[in-house]
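Participant: My structure is in structure.txt, and what it holds is compact mmCIF, C-alpha atoms:
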# COMPACT_ATOMS: atom_id res chain seq x y z
CA MET N 1 149.67 37.66 94.96
CA MET N 2 149.26 40.25 97.72
CA GLU N 3 145.86 41.37 98.90
CA SER N 4 146.59 44.96 97.88
CA ASP N 5 147.30 43.74 94.33
CA LEU N 6 144.03 41.83 94.26
CA ASN N 7 142.14 44.90 95.44
CA LEU N 8 143.91 46.99 92.82
CA ILE N 9 143.00 44.58 90.02
CA GLN N 10 139.40 44.44 91.23
CA GLY N 11 139.24 48.24 91.23
CA LEU N 12 140.73 48.36 87.74
CA ARG N 13 138.15 45.87 86.50
CA GLN N 14 135.43 48.16 87.81
CA GLN N 15 137.08 51.07 85.94
CA CYS N 16 137.54 52.88 89.25
CA PRO N 17 139.60 56.10 88.73
CA LYS N 18 141.20 55.69 92.17
CA ALA N 19 142.57 52.27 91.25
CA GLN N 20 143.79 53.63 87.93
CA GLN N 21 145.61 56.43 89.73
CA GLN N 22 147.11 53.90 92.13
CA LEU N 23 148.37 51.77 89.24
CA LEU N 24 149.99 54.80 87.63
CA GLU N 25 151.74 55.66 90.89
CA ARG N 26 152.96 52.12 91.35
CA TYR N 27 154.15 51.24 87.86
CA GLY N 28 154.24 54.59 86.02
CA ASN N 29 157.97 55.24 86.40
CA ASP N 30 158.97 51.71 85.41
CA VAL N 31 156.72 51.76 82.40
CA PHE N 32 158.04 55.14 81.27
CA ALA N 33 161.63 53.88 81.63
CA GLN N 34 160.80 50.79 79.56
CA VAL N 35 159.16 52.90 76.87
CA ALA N 36 161.97 55.47 76.82
CA ARG N 37 164.48 52.64 76.39
CA LEU N 38 162.84 51.60 73.13
CA VAL N 39 161.39 54.90 71.89
CA PRO N 40 164.14 57.50 72.10
CA VAL N 41 162.25 60.77 71.36
CA LEU N 42 160.57 62.09 74.52
CA GLU N 43 157.32 63.21 72.85
CA ASN N 44 156.94 59.83 71.21
CA ALA N 45 157.70 58.06 74.48
CA GLU N 46 154.96 60.08 76.18
CA GLU N 47 152.48 59.12 73.48
CA VAL N 48 153.36 55.44 73.75
CA TYR N 49 153.20 55.63 77.56
CA GLN N 50 149.64 56.97 77.39
CA ASP N 51 148.63 54.37 74.80
CA VAL N 52 150.03 51.63 77.02
CA PHE N 53 147.99 52.65 80.04
CA VAL N 54 144.83 53.23 78.02
CA LYS N 55 145.24 49.69 76.73
CA VAL N 56 145.88 48.39 80.25
CA PHE N 57 142.73 50.07 81.58
CA MET N 58 140.61 48.92 78.67
CA ASN N 59 141.84 45.32 78.59
CA ILE N 60 142.23 44.61 82.28
CA ASP N 61 139.52 41.94 81.99
CA LYS N 62 141.86 39.92 79.78
CA TYR N 63 144.57 39.83 82.46
CA ASP N 64 145.03 36.32 83.87
CA GLU N 65 146.66 36.18 87.31
CA ALA N 66 147.60 32.54 86.80
CA LYS N 67 149.79 33.29 83.78
CA SER N 68 151.87 36.24 84.98
CA SER N 69 152.23 39.06 87.47
CA LEU N 70 150.56 42.37 86.72
CA LYS N 71 153.94 43.99 86.13
CA THR N 72 154.96 41.37 83.55
CA TRP N 73 151.59 41.69 81.82
CA ILE N 74 152.06 45.45 81.59
CA SER N 75 155.64 44.90 80.31
CA ARG N 76 154.20 42.79 77.52
CA ILE N 77 151.91 45.61 76.46
CA VAL N 78 154.81 48.09 76.69
CA TYR N 79 157.01 45.88 74.50
CA HIS N 80 154.40 45.41 71.79
CA GLU N 81 153.18 49.01 71.79
CA SER N 82 156.73 50.33 71.52
CA ILE N 83 157.77 47.94 68.76
CA SER N 84 154.55 48.65 66.88
CA PHE N 85 155.10 52.42 67.23
CA LEU N 86 158.67 52.13 65.94
CA ARG N 87 157.54 50.04 62.98
CA HIS N 88 154.62 52.15 61.89
CA LYS N 89 154.96 55.71 63.14
CA SER N 90 158.57 56.63 63.78
CA MET N 91 161.22 57.38 61.16
CA PRO N 92 162.86 54.24 59.78
CA THR N 93 166.25 53.59 61.35
CA ILE N 94 169.04 51.37 60.10
CA TYR N 95 170.45 48.86 62.56
CA TYR N 96 173.34 46.44 62.33
CA GLU N 97 172.32 43.21 60.63
CA ASP N 98 174.70 40.28 60.73
CA ARG N 99 173.75 38.91 57.33
CA GLU N 100 176.92 36.98 56.69
CA GLY N 101 176.89 35.33 60.12
CA GLU N 102 180.24 36.81 61.11
CA ALA N 103 179.16 37.28 64.72
CA GLU N 104 178.44 33.58 65.00
CA LYS N 105 182.06 32.83 64.13
CA LEU N 106 183.27 34.55 67.32
CA SER N 107 184.39 32.14 70.02
CA GLU N 108 182.71 32.08 73.44
CA THR N 109 185.98 32.93 75.21
CA GLU N 110 186.40 36.01 73.06
CA VAL N 111 182.89 37.18 73.92
CA GLU N 112 183.36 36.45 77.62
CA ALA N 113 186.61 38.42 77.63
CA THR N 114 184.88 41.44 76.11
CA PHE N 115 181.95 41.47 78.54
CA GLY N 116 183.51 39.89 81.63
CA GLN N 117 186.77 41.73 82.29
CA PRO N 118 185.91 45.09 83.90
CA ASN N 119 187.13 47.91 81.70
CA PRO N 120 185.66 51.45 81.53
CA ASP N 121 186.58 51.81 77.85
CA THR N 122 184.78 48.61 76.97
CA VAL N 123 181.74 49.87 78.90
CA GLN N 124 181.64 52.99 76.72
CA LEU N 125 182.04 50.87 73.62
CA ILE N 126 179.19 48.62 74.73
CA ARG N 127 176.99 51.68 75.24
CA ALA N 128 177.76 52.83 71.72
CA ALA N 129 177.23 49.34 70.33
CA LEU N 130 173.84 48.99 72.04
CA LYS N 131 172.53 51.85 69.86
CA HIS N 132 173.22 49.76 66.75
CA LEU N 133 171.03 46.90 67.90
CA PRO N 134 167.44 46.58 66.65
CA PRO N 135 164.85 47.55 69.31
CA ASP N 136 163.59 44.02 69.96
CA GLU N 137 167.10 42.70 70.62
CA ARG N 138 167.97 45.70 72.78
CA ALA N 139 164.78 45.10 74.76
CA ILE N 140 165.68 41.46 75.41
CA ILE N 141 169.20 42.38 76.57
CA THR N 142 167.81 45.04 78.92
CA MET N 143 165.10 42.77 80.30
CA PHE N 144 167.64 40.06 81.03
CA TYR N 145 170.60 42.06 82.37
CA TYR N 146 168.99 45.17 83.83
CA GLU N 147 165.46 44.20 84.86
CA GLU N 148 166.66 40.70 85.68
CA LEU N 149 163.60 38.96 84.32
CA SER N 150 163.74 35.20 83.95
CA LEU N 151 163.76 33.57 80.52
CA LYS N 152 160.17 32.48 81.10
CA GLU N 153 159.08 36.03 81.87
CA ILE N 154 160.91 37.40 78.83
CA ALA N 155 159.26 34.71 76.74
CA PHE N 156 155.85 35.84 78.08
CA VAL N 157 156.60 39.48 77.29
CA THR N 158 157.83 38.78 73.77
CA GLU N 159 155.21 36.08 73.12
CA SER N 160 157.85 33.47 72.54
CA ILE N 161 159.29 30.40 74.31
CA PRO N 162 162.23 30.35 76.79
CA THR N 163 164.56 28.37 74.50
CA THR N 164 164.04 30.88 71.68
CA VAL N 165 164.77 33.72 74.09
CA ALA N 166 167.96 31.95 75.24
CA SER N 167 169.25 31.47 71.69
CA LYS N 168 168.29 35.05 70.81
CA LEU N 169 170.19 36.33 73.86
CA SER N 170 173.26 34.33 72.93
CA ARG N 171 173.14 35.60 69.34
CA THR N 172 172.63 39.22 70.43
CA ARG N 173 175.56 38.96 72.82
CA LYS N 174 177.83 37.84 69.99
CA LYS N 175 176.40 40.50 67.72
CA LEU N 176 177.22 43.18 70.30
CA CYS N 177 180.74 41.83 70.54
CA LYS N 178 181.06 42.02 66.75
CA ILE N 179 179.87 45.64 66.73
CA ILE N 180 182.41 46.48 69.46
CA LYS N 181 185.17 44.92 67.37
CA MET N 182 184.03 46.92 64.36
CA LEU N 183 183.98 50.14 66.42
CA GLN N 184 187.46 49.38 67.76
CA SER N 185 188.86 48.80 64.30
CA MET Z 186 173.25 27.31 75.25
CA THR Z 187 171.48 25.87 78.30
CA GLU Z 188 169.30 27.91 80.64
CA GLU Z 189 171.77 27.61 83.56
CA LYS Z 190 174.62 28.87 81.41
CA ILE Z 191 172.54 31.79 80.22
CA ASN Z 192 171.55 32.66 83.79
CA ALA Z 193 175.21 32.51 84.83
CA LEU Z 194 176.05 35.11 82.17
CA ARG Z 195 173.99 37.62 84.12
CA GLN Z 196 176.67 37.58 86.82
CA THR Z 197 179.74 37.27 84.61
CA ASP Z 198 178.98 39.97 81.99
CA THR Z 199 179.85 42.85 84.29
CA ASN Z 200 180.75 45.28 81.50
CA LEU Z 201 177.43 44.79 79.82
CA ARG Z 202 175.53 45.27 83.04
CA GLU Z 203 177.51 48.41 83.84
CA ALA Z 204 176.84 49.83 80.38
CA LEU Z 205 173.12 49.23 80.76
CA ARG Z 206 173.08 50.76 84.26
CA MET Z 207 174.82 53.90 82.98
CA ASP Z 208 172.40 54.15 80.07
CA GLU Z 209 169.45 53.92 82.43
CA ALA Z 210 170.88 56.60 84.71
CA GLU Z 211 171.04 59.02 81.80
CA ARG Z 212 167.49 58.46 80.63
CA PRO Z 213 165.09 61.42 80.87
CA GLN Z 214 162.74 61.44 83.83
CA MET Z 215 159.04 61.04 83.37
CA PRO Z 216 157.25 64.43 83.07
CA ALA Z 217 155.42 65.26 86.28
CA ASP Z 218 152.08 66.01 84.58
CA LEU Z 219 152.05 62.95 82.33
CA ASN Z 220 149.80 60.91 84.61
CA GLU Z 221 147.45 63.86 84.99
CA ARG Z 222 147.17 64.17 81.20
CA LEU Z 223 146.55 60.47 80.94
CA MET Z 224 143.72 60.62 83.47
CA GLN Z 225 142.18 63.54 81.57
CA ARG Z 226 142.38 61.49 78.39
CA MET Z 227 140.66 58.59 80.12
CA ALA Z 228 137.90 60.89 81.43
CA SER Z 229 137.32 62.37 77.96
CA LYS Z 230 137.20 58.86 76.51
CA LYS Z 231 134.48 57.87 78.98
CA LYS Z 232 132.51 61.01 78.11
CA LYS Z 233 132.83 60.25 74.42
CA GLN Z 234 131.55 56.75 74.99
CA ARG Z 235 128.48 58.12 76.75
CA HIS Z 236 127.82 60.67 73.98
CA VAL Z 237 128.08 58.05 71.30
CA ILE Z 238 124.95 56.20 72.45
CA TRP Z 239 122.23 58.84 72.05
CA PRO Z 240 122.58 59.53 68.30
CA TRP Z 241 122.05 55.83 67.71
CA ILE Z 242 118.90 55.83 69.80
CA ALA Z 243 117.62 58.90 67.93
CA ALA Z 244 118.42 57.31 64.57
CA ALA Z 245 116.60 54.13 65.56
CA CYS Z 246 113.51 56.15 66.56
CA VAL Z 247 113.52 58.05 63.27
CA ALA Z 248 113.92 54.83 61.32
CA GLY Z 249 110.99 53.31 63.22
CA VAL Z 250 108.73 56.27 62.51
CA MET Z 251 109.75 56.27 58.83
CA MET Z 252 108.98 52.58 58.52
CA ILE Z 253 105.52 53.03 60.02
CA TRP Z 254 104.82 56.06 57.85
CA LEU Z 255 106.07 54.62 54.58
CA THR Z 256 104.61 51.15 54.87
CA PRO Z 257 101.70 50.94 52.38
CA PRO Z 258 98.28 50.30 53.96
CA LYS Z 259 96.88 46.81 53.65
CA PRO Z 260 94.07 46.64 51.04
CA ALA Z 261 90.71 46.71 52.86
CA LYS Z 262 88.46 43.74 52.07
CA ASP Z 263 85.06 44.34 50.52
CA VAL Z 264 84.75 48.01 51.44
CA VAL Z 265 83.14 48.63 48.11
CA ALA Z 266 81.69 45.20 47.81
CA GLU Z 267 79.12 46.03 45.16
CA ASN Z 268 81.59 47.81 42.93
CA THR Z 269 84.27 45.18 42.88
CA VAL Z 270 83.07 43.52 39.73
CA THR Z 271 85.69 45.20 37.59
CA GLU Z 272 88.23 45.46 40.39
CA LYS Z 273 88.68 41.72 40.98
CA PRO Z 274 90.35 40.91 37.68
CA ILE Z 275 92.78 43.81 38.15
CA ILE Z 276 94.08 42.44 41.43
CA ASN Z 277 94.52 38.96 40.01
CA SER Z 278 96.34 40.17 36.94
CA LYS Z 279 99.05 41.93 39.13
CA VAL Z 280 99.27 45.05 37.03
CA GLU Z 281 102.59 46.86 37.28
CA LYS Z 282 101.72 50.38 36.20
CA PRO Z 283 98.78 52.69 36.75
CA GLU Z 284 98.28 53.15 33.00
CA THR Z 285 97.74 49.46 32.41
CA VAL Z 286 95.19 49.42 35.17
CA LYS Z 287 93.18 52.08 33.47
CA VAL Z 288 93.21 50.22 30.22
CA GLU Z 289 92.01 47.09 31.85
CA THR Z 290 89.20 48.76 33.77
CA GLU Z 291 87.92 50.17 30.54
CA ALA Z 292 88.42 46.95 28.71
CA THR Z 293 86.80 44.65 31.25
CA PRO Z 294 83.14 45.69 30.93
CA PRO Z 295 82.59 44.41 27.39
CA ALA Z 296 83.90 40.98 28.35
CA PRO Z 297 80.86 38.82 29.08
CA THR Z 298 81.90 37.17 32.33
CA PRO Z 299 79.40 35.21 34.42
CA VAL Z 300 80.06 37.44 37.42
CA LYS Z 301 78.77 40.51 35.67
CA VAL Z 302 75.70 38.64 34.51
CA LYS Z 303 74.84 37.78 38.08
CA LYS Z 304 75.19 41.40 39.12
CA ALA Z 305 72.94 42.62 36.39
CA LYS Z 306 70.36 40.14 37.53
CA VAL Z 307 70.29 41.64 41.02
CA ARG Z 308 69.68 45.13 39.76
CA LYS Z 309 66.92 44.31 37.31
CA PRO Z 310 63.86 44.46 39.59
CA VAL Z 311 64.75 47.96 40.74
CA VAL Z 312 65.18 49.53 37.32
CA GLN Z 313 62.86 47.68 34.94
CA SER Z 314 59.18 48.33 34.29
CA GLU Z 315 56.40 45.82 35.02
CA GLU Z 316 56.21 44.65 31.42
CA LYS Z 317 59.84 43.88 31.32
CA LEU Z 318 59.61 42.15 34.67
CA LEU Z 319 56.93 39.85 33.31
CA ALA Z 320 59.08 39.11 30.33
CA GLN Z 321 61.96 38.48 32.68
CA GLU Z 322 59.98 35.81 34.54
CA THR Z 323 59.68 33.76 31.40
CA ILE Z 324 63.41 33.99 30.63
CA GLU Z 325 65.62 31.43 32.21
CA THR Z 326 68.85 32.35 33.98
CA PRO Z 327 71.00 34.36 31.61
CA THR Z 328 74.02 32.76 30.00
CA ILE Z 329 77.21 33.96 28.35
CA ASP Z 330 75.57 33.83 24.96
CA GLU Z 331 73.19 36.71 25.73
CA PRO Z 332 75.22 39.44 27.47
CA THR Z 333 74.07 42.49 25.53
CA ASP Z 334 71.09 43.37 27.75
CA ASN Z 335 73.01 42.98 30.97
CA MET Z 336 76.03 44.91 29.74
CA ALA Z 337 73.91 47.92 28.95
CA GLN Z 338 72.87 48.10 32.57
CA ALA Z 339 76.26 47.29 34.03
CA THR Z 340 78.12 50.16 32.32
CA PRO Z 341 76.20 53.09 33.90
CA LYS Z 342 76.78 51.49 37.29
CA GLU Z 343 80.54 51.45 36.72
CA LYS Z 344 80.53 55.08 35.64
CA MET Z 345 79.00 55.99 39.00
CA ARG Z 346 81.69 54.19 40.94
CA THR Z 347 83.99 56.42 43.05
CA LEU Z 348 87.63 55.52 43.38
CA THR Z 349 89.08 54.92 46.82
CA GLU Z 350 92.76 55.01 47.75
CA HIS Z 351 92.87 51.23 47.40
CA ASP Z 352 92.09 51.56 43.74
CA ILE Z 353 95.21 53.57 43.08
CA PRO Z 354 97.56 50.89 41.86
CA ILE Z 355 100.76 52.56 43.01
CA THR Z 356 99.88 51.93 46.65
CA ARG Z 357 99.87 48.19 46.05
CA PRO Z 358 103.11 46.37 46.87
CA GLU Z 359 102.98 44.28 43.71
CA ASN Z 360 103.28 47.46 41.67
CA TYR Z 361 106.67 48.38 43.10
CA LYS Z 362 108.41 46.91 40.09
CA TYR Z 363 109.87 48.34 36.92
CA THR Z 364 108.34 47.47 33.64
CA PRO Z 365 110.59 45.97 30.95
CA GLU Z 366 110.36 49.26 29.04
CA GLU Z 367 111.57 51.20 32.07
CA LEU Z 368 114.40 48.74 32.64
CA ALA Z 369 115.46 49.03 29.01
CA LEU Z 370 115.40 52.82 29.24
CA MET Z 371 117.51 52.78 32.37
CA LYS Z 372 120.03 50.44 30.76
CA LYS Z 373 120.22 52.69 27.74
CA GLN Z 374 120.79 55.76 29.92
CA ALA Z 375 123.48 53.95 31.92
CA ASN Z 376 125.27 52.96 28.71
CA GLU Z 377 125.12 56.52 27.43
CA ALA Z 378 126.49 57.84 30.72
CA TYR Z 379 129.32 55.30 30.63
CA LEU Z 380 130.24 56.29 27.09
CA LYS Z 381 130.27 59.95 28.08
CA TRP Z 382 132.50 59.15 31.04
CA VAL Z 383 134.94 57.26 28.80
CA GLU Z 384 135.02 60.21 26.40
CA LEU Z 385 135.72 62.57 29.28
CA GLU Z 386 138.53 60.36 30.55
CA LEU Z 387 140.06 60.32 27.09
CA GLU Z 388 139.87 64.09 26.89
CA ILE Z 389 141.56 64.43 30.27
CA ALA Z 390 144.30 62.02 29.20
CA LYS Z 391 144.82 63.97 25.97
CA HIS Z 392 145.00 67.23 27.88
CA ASN Z 393 147.57 65.77 30.29
CA LEU Z 394 149.66 64.47 27.42
CA GLU Z 395 149.60 67.87 25.74
CA GLN Z 396 150.65 69.57 28.95
CA THR Z 397 153.52 67.18 29.54
CA ALA Z 398 154.58 67.62 25.92
CA GLN Z 399 154.60 71.38 26.38
CA GLN Z 400 156.73 71.07 29.50
Spell out the structure here as structure tokens.

Facilitator:
Amino acid sequence: MMESDLNLIQGLRQQCPKAQQQLLERYGNDVFAQVARLVPVLENAEEVYQDVFVKVFMNIDKYDEAKSSLKTWISRIVYHESISFLRHKSMPTIYYEDREGEAEKLSETEVEATFGQPNPDTVQLIRAALKHLPPDERAIITMFYYEELSLKEIAFVTESIPTTVASKLSRTRKKLCKIIKMLQS
Amino acid sequence: MTEEKINALRQTDTNLREALRMDEAERPQMPADLNERLMQRMASKKKKQRHVIWPWIAAACVAGVMMIWLTPPKPAKDVVAENTVTEKPIINSKVEKPETVKVETEATPPAPTPVKVKKAKVRKPVVQSEEKLLAQETIETPTIDEPTDNMAQATPKEKMRTLTEHDIPITRPENYKYTPEELALMKKQANEAYLKWVELELEIAKHNLEQTAQQ
């Protein structure tokens, strides 16, 4: 960990407003993007963003440098605050649920062909399909493909284990493929 | 699926990555004043935390003063030492109500206890005439069998006695109890109140039924 990070954490532990401002400048945009990814309405995203940082400032003593980086620790709070907000405060939304296990029947080659061969139409279909995924699955896909977090980091954020994350990723990938097929048909 | 295979997907799933990148590019930007609002919220939270402490301190002070003020004074020992002849049995009997105390104070003098006899003996030389004193010398120490003479002298003494605040039974901690009669009365009143409440509930239910029937 860099010395500037250590100083920042020390300042945060002393509830120093300067350190808090510095943290907001450093991670504010990333945190807002993460929140906005899960909480679509802007006003709600702003509320969750504020709640996340209030929690970060209040619970900074619980942060353990040995377990994760500060960014990953904040991502964990973002993930749980957003999911909790969607469950309790926002309007209930219906997502695609693969109850009959049809997505699991898709072959790996079929899935690879859908996601691997560059095609602008497929990209648009994937974007549409992503909206039908439940927030927790969408978050895992984004963390893995866009933020490029390792399985271990994703497991830390979601309070899970890497093997569970891997199987969840694989299942979500197939589920996305199934939704695309449904949209195509 | 193994971890290596999963990590390899990150490179091969180009369409998925592209879709996510495009989605991110279209996301709304963070409002410029959001951090400022957050800092204001934090400052107000700190202020609130500071304000929260003083009412508790004030409440604790008030509670302390109330406790000191309401605590009954400890009964003083032997302040009215000479007059405690009738008072002693009252304390031992742990009377619960002021009325019972009165009854007992009135009732105690006729009882020929050895304590009262001793007291009467002390007073005799002051009040009696010489003749009686001579007669007294011949009499042996009085016993329970002959209380009549002593009682006659003990009663005026008790009438002279002035009550202190320690004599008021309500100030004694042992009197902070309900008598069985009071408890029975309270139970009766509670039962009556419950019955009235049930009747009221029934009336409300009837009224609601009538209204729904009318609708």

Participant: Using only C-alpha atoms, which chain N residues lie at most 9 Å away from chain Z, written as number ranges by chain?

Facilitator: N: 17, 20-21, 24-25, 28-29, 32-33, 36-37, 42, 46, 49-51, 53-54, 57, 112-120, 122-127, 130, 141-142, 144-146, 148, 150-151, 162-163, 166-167, 169-170

Participant: Considering all atoms listed in the file, state which residue in the set N:Asp30, N:Lys131, N:Arg173, N:Leu86 is at the smallest distance from Glu108 in chain N.

Facilitator: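 Using all atoms listed in the file, the shortest distance to Glu108 in chain N belongs to N:Arg173.
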
Participant: Find the residue from N:Ala66, N:Val78, N:Val35, N:Ile180 that sits nearest to Ala129 in chain N; use all atoms listed in the file when measuring.

Facilitator: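 Smallest separation from Ala129 in chain N among the options: N:Ile180.
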
Participant: Can you work out the spacing between CA of Lys181 in chain N and CA of Glu102 in chain N in Å, to one decimal?

Facilitator: 11.4 Å

Participant: Could you state the separation of CA of Tyr63 in chain N and CA of Thr164 in chain N in Å, given to one decimal place?

Facilitator: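 CA of Thr164 in chain N lies 24.0 Å from CA of Tyr63 in chain N.
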
Participant: Show me the residues close to (161.4, 44.3, 83.8) - anything with an atom within 8 Å, counting all atoms listed in the file - and format the list as a list in words.

Facilitator: Asp30, Gln34, Lys71, Thr72, Ser75, Met143, Tyr146, Glu147, Glu148 and Leu149 of chain N

Participant: Just to confirm, what's the straight-line distance from CA of Met58 in chain N to CA of Ser160 in chain N in Å (one decimal)?

Facilitator: 23.9 Å

Participant: Excluding Ile74 in chain N and residues on its chain fewer than 4 positions from it, collect all residues at most 10 Å away from it, counting only C-alpha atoms, and give them as JSON, numbers by chain.

Facilitator: {"N": [27, 31, 52, 53, 55, 56, 60, 63, 68, 69, 70, 78, 79, 157]}
